>>> print(open('coords_4.txt').read())   # compact mmCIF, C-alpha atoms
# COMPACT_ATOMS: atom_id res chain seq x y z
CA MET Z 1 6.92 -35.63 -6.16
CA SER Z 2 6.04 -36.91 -9.64
CA GLY Z 3 5.51 -34.97 -12.85
CA HIS Z 4 6.55 -31.42 -13.60
CA ASP Z 5 8.00 -29.53 -10.64
CA ASP Z 6 8.82 -25.85 -10.40
CA PHE Z 7 8.14 -23.02 -7.98
CA ALA Z 8 4.58 -22.30 -9.09
CA THR Z 9 3.64 -25.98 -9.28
CA ARG Z 10 5.01 -26.85 -5.84
CA ALA Z 11 3.51 -23.76 -4.23
CA LYS Z 12 0.10 -24.64 -5.65
CA LEU Z 13 0.32 -28.26 -4.52
CA THR Z 14 1.63 -27.37 -1.07
CA MET Z 15 -1.10 -24.77 -0.50
CA GLY Z 16 -3.85 -26.86 -2.05
CA GLY Z 17 -4.38 -24.29 -4.80
CA ARG Z 18 -6.16 -21.94 -2.44
CA PHE Z 19 -5.47 -18.54 -0.91
CA ASP Z 20 -6.84 -16.95 2.23
CA PRO Z 21 -5.87 -13.47 3.46
CA CYS Z 22 -4.19 -15.05 6.50
CA MET Z 23 -1.73 -16.74 4.10
CA ARG Z 24 -0.34 -13.42 2.88
CA ARG Z 25 2.89 -13.39 4.92
CA SER Z 26 3.50 -17.08 4.26
CA VAL Z 27 3.30 -16.54 0.51
CA GLN Z 28 5.53 -13.49 0.85
CA SER Z 29 8.03 -15.71 2.65
CA ILE Z 30 8.17 -18.33 -0.10
CA VAL Z 31 8.51 -15.78 -2.92
CA LEU Z 32 11.35 -14.02 -1.08
CA TYR Z 33 13.02 -17.37 -0.40
CA GLU Z 34 12.69 -18.46 -4.02
CA ALA Z 35 13.85 -15.06 -5.32
CA ASP Z 36 16.96 -15.45 -3.18
CA ARG Z 37 17.62 -18.89 -4.66
CA CYS Z 38 17.22 -17.47 -8.16
CA LEU Z 39 19.71 -14.68 -7.51
CA ARG Z 40 22.51 -16.45 -5.62
CA SER Z 41 24.67 -16.78 -8.72
CA ARG Z 42 24.38 -13.01 -9.32
CA TYR Z 43 24.98 -11.74 -5.78
CA ALA Z 44 28.79 -11.75 -6.09
CA PHE Z 45 28.50 -9.15 -8.85
CA LEU Z 46 25.93 -6.90 -7.13
CA LYS Z 47 26.26 -4.12 -4.60
CA PRO Z 48 24.10 -4.33 -1.45
CA PHE Z 49 21.42 -1.94 -2.78
CA GLN Z 50 21.36 -3.83 -6.09
CA LYS Z 51 20.78 -7.12 -4.27
CA LYS Z 52 17.78 -5.64 -2.46
CA ILE Z 53 16.29 -4.28 -5.68
CA ALA Z 54 16.87 -7.53 -7.55
CA LEU Z 55 15.38 -9.57 -4.70
CA TYR Z 56 12.25 -7.45 -4.55
CA LEU Z 57 11.63 -7.35 -8.30
CA THR Z 58 12.22 -11.10 -8.66
CA ALA Z 59 9.83 -11.79 -5.77
CA VAL Z 60 7.15 -9.69 -7.47
CA ASP Z 61 7.71 -11.61 -10.71
CA LEU Z 62 7.36 -14.92 -8.86
CA VAL Z 63 4.06 -13.85 -7.31
CA LYS Z 64 2.73 -13.39 -10.84
CA THR Z 65 3.45 -17.06 -11.63
CA LEU Z 66 0.99 -18.27 -8.96
CA ASP Z 67 -2.11 -18.83 -11.05
CA PHE Z 68 -4.36 -19.58 -8.08
CA LEU Z 69 -4.04 -15.96 -6.93
CA THR Z 70 -6.16 -13.11 -8.20
CA ASP Z 71 -4.59 -9.78 -9.17
CA GLN Z 72 -5.76 -8.40 -5.83
CA ASN Z 73 -4.18 -11.35 -3.97
CA ARG Z 74 -0.88 -10.75 -5.75
CA GLU Z 75 -0.86 -7.14 -4.67
CA GLU Z 76 -1.74 -8.07 -1.08
CA VAL Z 77 1.08 -10.62 -0.85
CA MET Z 78 3.69 -7.88 -1.15
CA PHE Z 79 2.05 -5.52 1.37
CA ARG Z 80 4.15 -4.49 4.35
CA THR Z 81 1.12 -5.12 6.56
CA ASN Z 82 -2.53 -5.78 5.81
CA SER Z 83 -3.52 -2.57 7.53
CA SER Z 84 -1.04 -0.32 5.73
CA LYS Z 85 -1.94 -1.57 2.20
CA GLN Z 86 1.52 -0.32 1.17
CA PRO Z 87 4.17 -2.42 -0.58
CA VAL Z 88 6.89 -3.79 1.69
CA PRO Z 89 10.02 -1.64 1.14
CA PRO Z 90 12.94 -3.47 -0.53
CA ASP Z 91 15.13 -2.91 2.56
CA LEU Z 92 12.53 -4.56 4.77
CA ALA Z 93 11.97 -7.40 2.29
CA TRP Z 94 15.70 -8.14 2.50
CA LYS Z 95 15.59 -8.13 6.30
CA ARG Z 96 12.59 -10.46 6.31
CA LEU Z 97 14.43 -12.89 4.04
CA ARG Z 98 17.49 -12.98 6.29
CA ALA Z 99 15.28 -13.37 9.38
CA LEU Z 100 13.30 -16.28 7.97
CA GLU Z 101 16.51 -18.16 7.11
CA ARG Z 102 17.73 -17.71 10.70
CA ASP Z 103 14.37 -18.65 12.18
CA ILE Z 104 14.10 -21.88 10.21
CA LYS Z 105 17.50 -22.99 11.49
CA ALA Z 106 16.92 -21.76 15.04
CA THR Z 107 13.30 -22.82 15.61
CA ILE Z 108 11.79 -25.04 12.92
CA LEU Z 109 14.64 -27.52 12.48
CA PRO Z 110 15.24 -28.22 16.20
CA LYS Z 111 11.51 -28.77 16.74
CA MET Z 112 11.28 -31.01 13.70
CA LYS Z 113 14.26 -33.03 14.93
CA ALA Z 114 12.42 -33.63 18.20
CA VAL Z 115 9.37 -34.86 16.26
CA MET Z 116 11.48 -37.10 14.03
CA ASP Z 117 13.30 -38.60 17.04
CA SER Z 118 10.05 -39.38 18.84
CA GLU Z 119 8.23 -42.69 18.68
CA GLU Z 120 5.23 -40.86 17.24
CA GLY Z 121 7.30 -39.55 14.33
CA ASN Z 122 8.90 -42.87 13.41
CA GLY Z 123 8.27 -43.84 9.80
CA LYS Z 124 6.12 -40.82 9.04
CA SER Z 125 6.02 -39.03 5.69
CA HIS Z 126 7.06 -35.40 5.24
CA GLU Z 127 3.47 -34.16 5.39
CA GLU Z 128 2.71 -36.29 8.43
CA LEU Z 129 5.79 -34.93 10.23
CA CYS Z 130 4.72 -31.38 9.39
CA GLU Z 131 1.29 -32.00 10.86
CA LEU Z 132 2.74 -33.59 13.99
CA MET Z 133 5.02 -30.62 14.56
CA LEU Z 134 2.24 -28.10 14.01
CA GLN Z 135 -0.01 -29.98 16.42
CA ARG Z 136 2.72 -29.99 19.08
CA GLU Z 137 3.27 -26.28 18.53
CA TYR Z 138 -0.46 -25.59 18.75
CA GLU Z 139 -0.80 -27.51 22.01
CA GLU Z 140 2.22 -25.74 23.49
CA VAL Z 141 0.99 -22.28 22.54
CA THR Z 142 -2.70 -22.72 23.37
CA GLN Z 143 -2.56 -25.40 26.09
CA ASN Z 144 -5.31 -27.06 24.07
CA SER Z 145 -5.15 -30.72 23.00
CA LEU Z 146 -7.81 -30.40 20.29
CA PRO Z 147 -6.66 -30.62 16.65
CA HIS Z 148 -5.21 -27.35 15.42
CA PRO Z 149 -7.45 -25.25 13.12
CA PRO Z 150 -6.76 -25.79 9.38
CA LEU Z 151 -5.18 -22.35 8.82
CA TRP Z 152 -3.40 -22.08 12.16
CA GLU Z 153 0.08 -22.43 10.67
CA PHE Z 154 -0.50 -19.34 8.51
CA THR Z 155 -1.69 -17.16 11.37
CA HIS Z 156 1.01 -18.21 13.86
CA CYS Z 157 4.06 -19.40 11.88
CA ASN Z 158 4.36 -17.65 8.54
CA ILE Z 159 7.78 -19.18 7.79
CA PHE Z 160 6.55 -22.77 8.10
CA LEU Z 161 5.38 -22.83 4.48
CA VAL Z 162 9.03 -22.36 3.45
CA TYR Z 163 9.98 -25.46 5.44
CA ARG Z 164 7.02 -27.44 4.11
CA MET Z 165 7.91 -26.59 0.49
CA TYR Z 166 11.69 -26.73 0.48
CA TYR Z 167 12.83 -29.11 3.21
CA ARG Z 168 12.67 -32.81 3.78
CA GLY Z 169 13.64 -33.81 7.30
CA LEU Z 170 16.43 -31.54 8.52
CA ALA Z 171 17.86 -30.61 5.13
CA MET Z 172 16.84 -29.15 1.80
CA ASP Z 173 14.84 -31.50 -0.38
CA PRO Z 174 17.50 -33.28 -2.50
CA ASN Z 175 15.00 -33.28 -5.36
CA ILE Z 176 14.19 -29.59 -5.13
CA PHE Z 177 13.33 -27.97 -8.46
CA PRO Z 178 15.91 -25.72 -10.15
CA ALA Z 179 15.68 -22.03 -9.24
CA VAL Z 180 14.75 -20.22 -12.46
CA PRO Z 181 13.73 -16.54 -12.32
CA PRO Z 182 10.80 -15.49 -14.52
CA ARG Z 183 13.16 -12.87 -16.02
CA SER Z 184 16.60 -11.45 -15.40
CA VAL Z 185 15.75 -8.18 -13.66
CA ASP Z 186 17.68 -5.02 -14.39
CA VAL Z 187 19.34 -3.10 -11.57
CA PRO Z 188 20.74 0.45 -11.66
CA VAL Z 189 24.48 1.08 -11.59
CA LYS Z 190 24.06 3.96 -9.17
CA ARG Z 191 21.86 3.86 -6.09
CA PRO Z 192 18.54 5.59 -6.90
CA ASP Z 193 17.53 8.56 -4.76
CA ASP Z 194 14.37 6.61 -3.94
CA ILE Z 195 14.61 2.82 -4.25
CA ARG Z 196 10.86 2.47 -3.73
CA ASP Z 197 10.16 4.69 -6.75
CA PHE Z 198 12.65 2.71 -8.83
CA VAL Z 199 11.06 -0.66 -8.11
CA ARG Z 200 7.54 0.75 -8.50
CA ASN Z 201 8.40 2.14 -11.94
CA ASN Z 202 10.08 -1.13 -12.92
CA ILE Z 203 7.01 -3.13 -11.89
CA ILE Z 204 4.73 -0.80 -13.85
CA ALA Z 205 6.94 -1.08 -16.94
CA SER Z 206 7.04 -4.86 -16.63
CA HIS Z 207 3.27 -5.03 -16.21
CA GLU Z 208 2.77 -2.94 -19.32
CA GLY Z 209 5.16 -5.16 -21.26
CA ALA Z 210 7.71 -2.42 -21.71
CA GLY Z 211 11.34 -3.44 -21.30
CA LEU Z 212 13.32 -1.40 -18.81
CA GLU Z 213 16.79 -0.62 -20.05
CA ASN Z 214 19.73 -0.96 -17.74
CA SER Z 215 20.22 2.29 -15.87
>>> encode(input="coords_4.txt", output="structure tokens")
Amino acid sequence: MSGHDDFATRAKLTMGGRFDPCMRRSVQSIVLYEADRCLRSRYAFLKPFQKKIALYLTAVDLVKTLDFLTDQNREEVMFRTNSSKQPVPPDLAWKRLRALERDIKATILPKMKAVMDSEEGNGKSHEELCELMLQREYEEVTQNSLPHPPLWEFTHCNIFLVYRMYYRGLAMDPNIFPAVPPRSVDVPVKRPDDIRDFVRNNIIASHEGAGLENS
């Protein structure tokens, strides 16, 4: 990848600078994954509840950097479900992050290895390998040999965007951009009575441009 590369730039290029409601969980996956990368150097100094708060707030900040999303899109990305229209709780966001890391290793990488080892995958680029794997997955799931629909990966494999953005072959992209959080989020010393209220108030303060002091 040539030119400037950071989270927002790579997300925009990988997604073609477009957003469809069916992409919501995929975008949520990449912002949680990137938030985790941004926070790894801090985790050793944080308690479990602080990690969850920091992860959630950093993910929300990262959503704001995606300039191809509208304000409504940004809100939708962090919904628990489309039907609930409620923000995903920090505890659940943490669980989704841990699950997507396991699922990439357990499902995406073995299937990609099979594609790479096949005659069809020989000499193919990263994007070509991704398309080959998605087509195989589509044919296996649907028993249909027609080309998969353009948005099928977002409706049936919401973690695949993480692989497409961050991996090359069976490992992390050696040229991956540095993980830089939009800001260093504050976390409370003591566990709040209601973590959801804490993060909601922090987001509101950040949106209004008011700095939140360390609790």
>>> atom_distance(input="coords_4.txt", atom1="atom CA of Z:Asp197", atom2="atom CA of Z:Met23")
26.8 Å
>>> closest_residue(input="coords_4.txt", among="Z:Leu92, Z:Pro149, Z:Thr107, Z:Pro182", to="Z:Phe49", atoms="all atoms listed in the file")
Z:Leu92
>>> residues_around(input="coords_4.txt", residues="Z:Glu76", least_positions_apart="3", cutoff="8 Å", atoms="all atoms listed in the file", output="PyMOL selection string")
chain Z and resi 24+72-73+79+82+85
>>> atom_distance(input="coords_4.txt", atom1="atom CA of Z:Lys52", atom2="atom CA of Z:His156")
26.6 Å
>>> closest_residue(input="coords_4.txt", among="Z:Glu140, Z:Gln86, Z:Ala99, Z:Glu127", to="Z:Lys111", atoms="all atoms listed in the file")
Z:Glu140
>>> closest_residue(input="coords_4.txt", among="Z:Lys113, Z:Ile159, Z:Val60, Z:Gln143", to="Z:Pro87", atoms="all atoms listed in the file")
Z:Val60
>>> residues_around(input="coords_4.txt", residues="Z:Asp67", least_positions_apart="4", cutoff="12 Å", atoms="only C-alpha atoms", output="NGL selection string")
:Z and (7-13 or 17-19 or 62-63 or 71 or 73-74)
>>> closest_atom_pairs(input="coords_4.txt", of="stretch 143-212 of chain Z", to="stretch 114-118 of chain Z", cutoff="12 Å", atoms="only C-alpha atoms", output="Markdown table")
| residue | atom | partner | partner_atom | distance |
| --- | --- | --- | --- | --- |
| Z:Arg168 | CA | Z:Met116 | CA | 11.2 |
| Z:Gly169 | CA | Z:Met116 | CA | 7.8 |
| Z:Leu170 | CA | Z:Met116 | CA | 9.3 |
>>> residues_around(input="coords_4.txt", residues="Z:Asp6", least_positions_apart="6", cutoff="9 Å", atoms="only C-alpha atoms", output="JSON, numbers by chain")
{"Z": [176, 177, 178, 179, 180]}
>>> closest_residue(input="coords_4.txt", among="Z:Arg102, Z:Lys124, Z:Arg183, Z:His148", to="Z:Ala54", atoms="all atoms listed in the file")
Z:Arg183
>>> closest_residue(input="coords_4.txt", among="Z:Ile203, Z:Leu55, Z:Ala106, Z:Ala171", to="Z:Tyr33", atoms="all atoms listed in the file")
Z:Leu55
>>> build_atoms(input="coords_4.txt", residues="stretch 146-158 of chain Z", atoms="N, CA, C and O atoms", output="PDB file, in the frame of the given file")
ATOM      1  N   LEU Z 146      -6.976 -30.175  21.460  1.00  0.00           N
ATOM      2  CA  LEU Z 146      -7.810 -30.400  20.290  1.00  0.00           C
ATOM      3  C   LEU Z 146      -6.978 -30.232  19.020  1.00  0.00           C
ATOM      4  O   LEU Z 146      -5.938 -29.574  19.032  1.00  0.00           O
ATOM      5  N   PRO Z 147      -7.406 -30.814  17.904  1.00  0.00           N
ATOM      6  CA  PRO Z 147      -6.660 -30.620  16.650  1.00  0.00           C
ATOM      7  C   PRO Z 147      -6.550 -29.148  16.284  1.00  0.00           C
ATOM      8  O   PRO Z 147      -7.501 -28.379  16.486  1.00  0.00           O
ATOM      9  N   HIS Z 148      -5.389 -28.756  15.760  1.00  0.00           N
ATOM     10  CA  HIS Z 148      -5.210 -27.350  15.420  1.00  0.00           C
ATOM     11  C   HIS Z 148      -6.122 -26.961  14.255  1.00  0.00           C
ATOM     12  O   HIS Z 148      -6.403 -27.774  13.364  1.00  0.00           O
ATOM     13  N   PRO Z 149      -6.608 -25.712  14.231  1.00  0.00           N
ATOM     14  CA  PRO Z 149      -7.450 -25.250  13.120  1.00  0.00           C
ATOM     15  C   PRO Z 149      -6.694 -25.359  11.786  1.00  0.00           C
ATOM     16  O   PRO Z 149      -5.462 -25.251  11.756  1.00  0.00           O
ATOM     17  N   PRO Z 150      -7.406 -25.554  10.678  1.00  0.00           N
ATOM     18  CA  PRO Z 150      -6.760 -25.790   9.380  1.00  0.00           C
ATOM     19  C   PRO Z 150      -5.771 -24.697   8.955  1.00  0.00           C
ATOM     20  O   PRO Z 150      -4.749 -24.995   8.330  1.00  0.00           O
ATOM     21  N   LEU Z 151      -6.039 -23.450   9.268  1.00  0.00           N
ATOM     22  CA  LEU Z 151      -5.180 -22.350   8.820  1.00  0.00           C
ATOM     23  C   LEU Z 151      -4.273 -21.831   9.936  1.00  0.00           C
ATOM     24  O   LEU Z 151      -3.647 -20.779   9.778  1.00  0.00           O
ATOM     25  N   TRP Z 152      -4.158 -22.572  11.012  1.00  0.00           N
ATOM     26  CA  TRP Z 152      -3.400 -22.080  12.160  1.00  0.00           C
ATOM     27  C   TRP Z 152      -1.943 -21.802  11.818  1.00  0.00           C
ATOM     28  O   TRP Z 152      -1.361 -20.832  12.292  1.00  0.00           O
ATOM     29  N   GLU Z 153      -1.339 -22.632  10.994  1.00  0.00           N
ATOM     30  CA  GLU Z 153       0.080 -22.430  10.670  1.00  0.00           C
ATOM     31  C   GLU Z 153       0.315 -21.084   9.992  1.00  0.00           C
ATOM     32  O   GLU Z 153       1.364 -20.463  10.154  1.00  0.00           O
ATOM     33  N   PHE Z 154      -0.672 -20.608   9.230  1.00  0.00           N
ATOM     34  CA  PHE Z 154      -0.500 -19.340   8.510  1.00  0.00           C
ATOM     35  C   PHE Z 154      -0.690 -18.134   9.423  1.00  0.00           C
ATOM     36  O   PHE Z 154      -0.106 -17.081   9.176  1.00  0.00           O
ATOM     37  N   THR Z 155      -1.462 -18.290  10.456  1.00  0.00           N
ATOM     38  CA  THR Z 155      -1.690 -17.160  11.370  1.00  0.00           C
ATOM     39  C   THR Z 155      -0.640 -17.085  12.472  1.00  0.00           C
ATOM     40  O   THR Z 155      -0.467 -16.032  13.080  1.00  0.00           O
ATOM     41  N   HIS Z 156       0.072 -18.191  12.727  1.00  0.00           N
ATOM     42  CA  HIS Z 156       1.010 -18.210  13.860  1.00  0.00           C
ATOM     43  C   HIS Z 156       2.452 -18.556  13.489  1.00  0.00           C
ATOM     44  O   HIS Z 156       3.343 -18.404  14.327  1.00  0.00           O
ATOM     45  N   CYS Z 157       2.690 -19.023  12.262  1.00  0.00           N
ATOM     46  CA  CYS Z 157       4.060 -19.400  11.880  1.00  0.00           C
ATOM     47  C   CYS Z 157       4.227 -19.203  10.381  1.00  0.00           C
ATOM     48  O   CYS Z 157       4.213 -20.166   9.616  1.00  0.00           O
ATOM     49  N   ASN Z 158       4.394 -17.931   9.973  1.00  0.00           N
ATOM     50  CA  ASN Z 158       4.360 -17.650   8.540  1.00  0.00           C
ATOM     51  C   ASN Z 158       5.579 -18.162   7.774  1.00  0.00           C
ATOM     52  O   ASN Z 158       5.588 -18.143   6.549  1.00  0.00           O
TER      53      ASN Z 158
END
